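Asker: Please read through the structure below; I'll follow up with questions.
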Amino acid sequence: MDDDVLALLALGETVGSTAELAHIEECERCADELTALRDVVMLARPVSADAALVSPAPTVWDRVADELHLSPDARALGTGSSDVGPDAAVVELDTRRRRPVAWRWIAVAAAAGLVVGGGATWWIANRDQPVTVLATATLEPLPGWDASGSAVVETRADGTRVLVLDLSSSPPTDDAFQEVWLLKPDVSGLVSLGTLEGRSGRFDLPAGLDLSEYSVVDVSQELLDGNPAHSGDSIVRGPLRA
């Protein structure tokens with residue numbers, strides 16, 4: 001889902017295409033994110049029209065300015081003490097897009113009129129650790145299956161890596177389950193990442209695992225037979241690309 005669409009929906013705006021709104025209904029991850037953003041909006045907005053807003057301490061703006069790497073002129077604009085005219089320098093935000101989740105939370109809180117102290121400001125800005133996308137994969141169906149999907153490898157601030165996986169549909173699980181793997185391109189080696197519940201999942205990658213060697217994402221249908229080996233019945237598969 002587009003970050004801006006989720007943020008605007010949380011604010012109560014009438015936005016989003018039919019396909020995007022249908023996606024939210026079906027995608028647990030996006031639906032959870034929207035619900036959490038709406039919670040922020042509810043916290044940010046006063047419970048009544050005559051509710052008094054408390055002015056934050058000057059240190060709050062200082063922390064916001066530090067986070068945005070604002071210039072001295074832009075800092076002065078935020079405090080209302082600047083004589084800078086319409087030709088003031090524009091702060092480039094494209095380099096900040098490495099933290100999309102945190103920025104979406106800040107934007108929603110600001111748009112909802114949130115005025116908070118330093119502790120709450122820290123919570124909003126740090127709700128999710130910043131992540132860097134290392135690689136992505138388009139997952140194509142294998143013979144006998146019609147599911148498709150995508151996979152993203154993210155690196156957290158602490159250096160740990162996680163595979164975020166989404167499928168278009170979830171096969172029946174009456175007598176079987178789905179398992180997520182990383183394979184070598186020639187299928188000479190494989191690593192199990194765990195069981196996929198539903199259509200979406202997040203899987204921590206083993207420390208030291210070489211993704212240039214185990215570069216293929218695979219989701220298999222496994223029978224409840226106690227055999228930990230790959231069944232050979234893959235639902236989707238796709239190579240990771242940096």
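Note on naming: chains are A, B, ... as they come in the structure tokens, residues start from 1 per chain, ligands start from 1 in the order shown.
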Residues near region 164-180 of chain A, anyone? I mean within 6 Å using only C-alpha atoms, not counting same-chain ones fewer than 4 positions away, as a list in words.
Answerer: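 Answer for this query is Ala147, Ser148, Gly149, Ser150, Ala151, Val152, Leu193, Gly194, Thr195, Leu196, Gly198, Arg199, Ser200, Gly201, Arg202, Asp218, Val219, Ser220, Gln221, Glu222, Leu223 and Leu224 of chain A.
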Asker: Compare A:Trp181, A:Trp61, A:Trp145, A:Phe203 by their minimum atom-to-atom distance to Ser215 (chain A), counting only C-alpha atoms, and give me the closest one.
Answerer: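 The shortest atom-to-atom distance to Ser215 (chain A) comes from A:Trp181.
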Asker: Of the candidates A:Ser234, A:Thr132, A:Ser71, A:Ser212, which one gets nearest to Gly159 (chain A) if we count only C-alpha atoms?
Answerer: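 Once distances to Gly159 (chain A) are computed over only C-alpha atoms, the minimum belongs to A:Thr132.
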